[in-house]
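S.K.: Provided herewith is a single structure, encoded as structure tokens, for subsequent inquiry.
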Amino acid sequence: KDDFAFSYNLVKNVGYFSSNRDGNDDIYQADAICNFNAITVVKDKETGRELEGAIVVLLDSKQKEISNNTTDFNGKTSSNLTCIKKYLGQVSKSGYENETFNVEIPEDAVGLDFKVDVALTPIKPIITDREVILQPIYFEYNKSNITAQGAAELDKLVQVMNEYPNMVIDARSHTDSRGADNYNLRLSDRRAKSTVQYIISKGIAKNRITGQGMGETQPKVACTECTEEEHAQNRRSEFIIIKK
């Protein structure tokens, strides 16, 4: 079209131009395109390590969700936002305290990528007279491999055992009541042994850590028709203190 005489108002952030695009010469308004990428990088507050799998939710000034993403292996998530001056972020990850942050975007940053670093505080293990309590240790279905989430929790146990050089631990793996008894016992025993091997691989002497699978023999919640929450409570790892 025959667009001409473009003028831009820096105060109101709006443009005007003349055109005959509808058959007559007229003045049109042009609104600025203010897309930008809101980049959030999530790290462990103590180690500085990038955290994969953290959930980042962005909300506008009216608390309406505008983005919900999960961080990649670099601890990063990116959301494309349009024409917004400020937003609220909420970050969560298993084994860490939730974190919130507020962002107010400077005028000169509109149209550019806007990066925010967020540090999550790891939840410390609870040490009682009987056991070291960690966050739940998750395994893949029907497998005994240590997942990244499980490794992050077991690293906390390693730290505790380094702080208490005389501590001896018995790692006990439990399943829920679903599945055959013998199958559950074998699976839990493999998981307990994998746990022990991981702890030893981190420099803990092998005479300080043992492991055994308990299957479904010692449920935390005794139930016949268990709910999913009750199954989850029974499907657990325990770290019993043999010697402190």
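To be explicit about the labels: the chains of the structure tokens are called A, B, and onward in the order shown, and within each one the residues are counted from 1, while ligands get numbers from 1 in the order they are shown.
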Enumerate, as a PyMOL selection string, the complete set of residues in stretch 83-180 of chain A that a backbone-based DSSP assignment places in strand (DSSP E).
M.R.: chain A and resi 86-92+99-104+114-120+126-127+132-133+168-174
S.K.: Per residue of stretch 80-106 of chain A within 10 Å of stretch 41-63 of chain A, what are the shortest atom pair and its distance in Å to one decimal, counting only C-alpha atoms, with rows by chain and residue number, as a Markdown table?
M.R.:
| residue | atom | partner | partner_atom | distance |
| --- | --- | --- | --- | --- |
| A:Leu81 | CA | A:Leu58 | CA | 9.8 |
| A:Ile84 | CA | A:Asp60 | CA | 7.8 |
| A:Lys85 | CA | A:Ser61 | CA | 8.9 |
| A:Lys86 | CA | A:Ser61 | CA | 6.8 |
| A:Tyr87 | CA | A:Asp60 | CA | 4.8 |
| A:Leu88 | CA | A:Leu59 | CA | 5.0 |
| A:Gly89 | CA | A:Leu58 | CA | 4.5 |
| A:Gln90 | CA | A:Val57 | CA | 5.1 |
| A:Val91 | CA | A:Val56 | CA | 4.6 |
| A:Ser92 | CA | A:Ile55 | CA | 5.3 |
| A:Lys93 | CA | A:Ala54 | CA | 4.8 |
| A:Ser94 | CA | A:Ala54 | CA | 8.0 |
| A:Tyr96 | CA | A:Asp44 | CA | 8.6 |
| A:Asn98 | CA | A:Ile55 | CA | 9.9 |
| A:Glu99 | CA | A:Val56 | CA | 9.7 |
| A:Thr100 | CA | A:Val57 | CA | 9.4 |
| A:Phe101 | CA | A:Leu58 | CA | 9.5 |
| A:Asn102 | CA | A:Leu59 | CA | 9.6 |
S.K.: May I have the selected residues written with C-alpha atoms, as a PDB file, in the first residue's frame?
M.R.:
ATOM      1  CA  LEU A  81       5.542 -12.498  26.538  1.00  0.00           C
ATOM      2  CA  ILE A  84       3.708  -6.586  29.764  1.00  0.00           C
ATOM      3  CA  LYS A  85       5.499  -4.205  32.139  1.00  0.00           C
ATOM      4  CA  LYS A  86       5.853  -6.525  35.132  1.00  0.00           C
ATOM      5  CA  TYR A  87       5.212 -10.113  36.081  1.00  0.00           C
ATOM      6  CA  LEU A  88       5.469 -12.503  39.025  1.00  0.00           C
ATOM      7  CA  GLY A  89       7.411 -15.761  38.901  1.00  0.00           C
ATOM      8  CA  GLN A  90       6.930 -18.892  40.994  1.00  0.00           C
ATOM      9  CA  VAL A  91       9.569 -21.653  40.955  1.00  0.00           C
ATOM     10  CA  SER A  92       9.278 -25.108  42.510  1.00  0.00           C
ATOM     11  CA  LYS A  93      11.265 -28.346  42.472  1.00  0.00           C
ATOM     12  CA  SER A  94      11.162 -31.476  44.598  1.00  0.00           C
ATOM     13  CA  TYR A  96      13.901 -27.505  47.338  1.00  0.00           C
ATOM     14  CA  ASN A  98       9.631 -22.824  46.669  1.00  0.00           C
ATOM     15  CA  GLU A  99      10.751 -19.390  45.488  1.00  0.00           C
ATOM     16  CA  THR A 100       8.903 -16.369  44.102  1.00  0.00           C
ATOM     17  CA  PHE A 101      10.241 -13.284  42.352  1.00  0.00           C
ATOM     18  CA  ASN A 102       8.876 -10.037  40.936  1.00  0.00           C
TER      19      ASN A 102
END
S.K.: Using only C-alpha atoms, can you tell me which of A:Ile199, A:Met167, A:Leu185, A:Ile204 comes closest to A:Ile242?
M.R.: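 The shortest atom-to-atom distance to A:Ile242 comes from A:Met167.
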S.K.: Extract, using only C-alpha atoms, all DNA, RNA and protein residues at most 10 Å from A:Lys202, discarding same-chain residues fewer than 5 positions from it, and format them as number ranges by chain.
M.R.: A: 154-155, 158-159, 197
S.K.: May I have the residues from that selection written out with N, CA, C and O atoms, as a JSON list (two decimals), in the first residue's frame?
M.R.:
[["chain", "number", "residue", "atom", "x", "y", "z"],
["A", 154, "LEU", "N", 20.29, -38.27, 47.40],
["A", 154, "LEU", "CA", 21.33, -39.12, 48.00],
["A", 154, "LEU", "C", 22.62, -38.34, 48.25],
["A", 154, "LEU", "O", 23.36, -38.66, 49.18],
["A", 155, "ASP", "N", 22.85, -37.31, 47.45],
["A", 155, "ASP", "CA", 24.02, -36.45, 47.70],
["A", 155, "ASP", "C", 23.91, -35.77, 49.07],
["A", 155, "ASP", "O", 24.92, -35.50, 49.72],
["A", 158, "VAL", "N", 25.09, -38.27, 51.57],
["A", 158, "VAL", "CA", 26.55, -38.30, 51.54],
["A", 158, "VAL", "C", 27.12, -37.15, 52.37],
["A", 158, "VAL", "O", 28.07, -37.33, 53.16],
["A", 159, "GLN", "N", 26.53, -35.97, 52.23],
["A", 159, "GLN", "CA", 27.00, -34.81, 52.98],
["A", 159, "GLN", "C", 26.83, -35.04, 54.48],
["A", 159, "GLN", "O", 27.72, -34.72, 55.28],
["A", 197, "GLN", "N", 25.38, -48.69, 46.25],
["A", 197, "GLN", "CA", 26.47, -48.50, 45.31],
["A", 197, "GLN", "C", 26.68, -47.02, 44.98],
["A", 197, "GLN", "O", 27.82, -46.57, 44.82]]
S.K.: If we count only C-alpha atoms and set the cut-off at 6 Å, which residues sit around A:Gly215, ignoring sequence neighbours fewer than 2 positions away in its own chain? Please answer as an MDAnalysis selection string.
M.R.: chainID A and resid 174:175 184:185 188 213 217
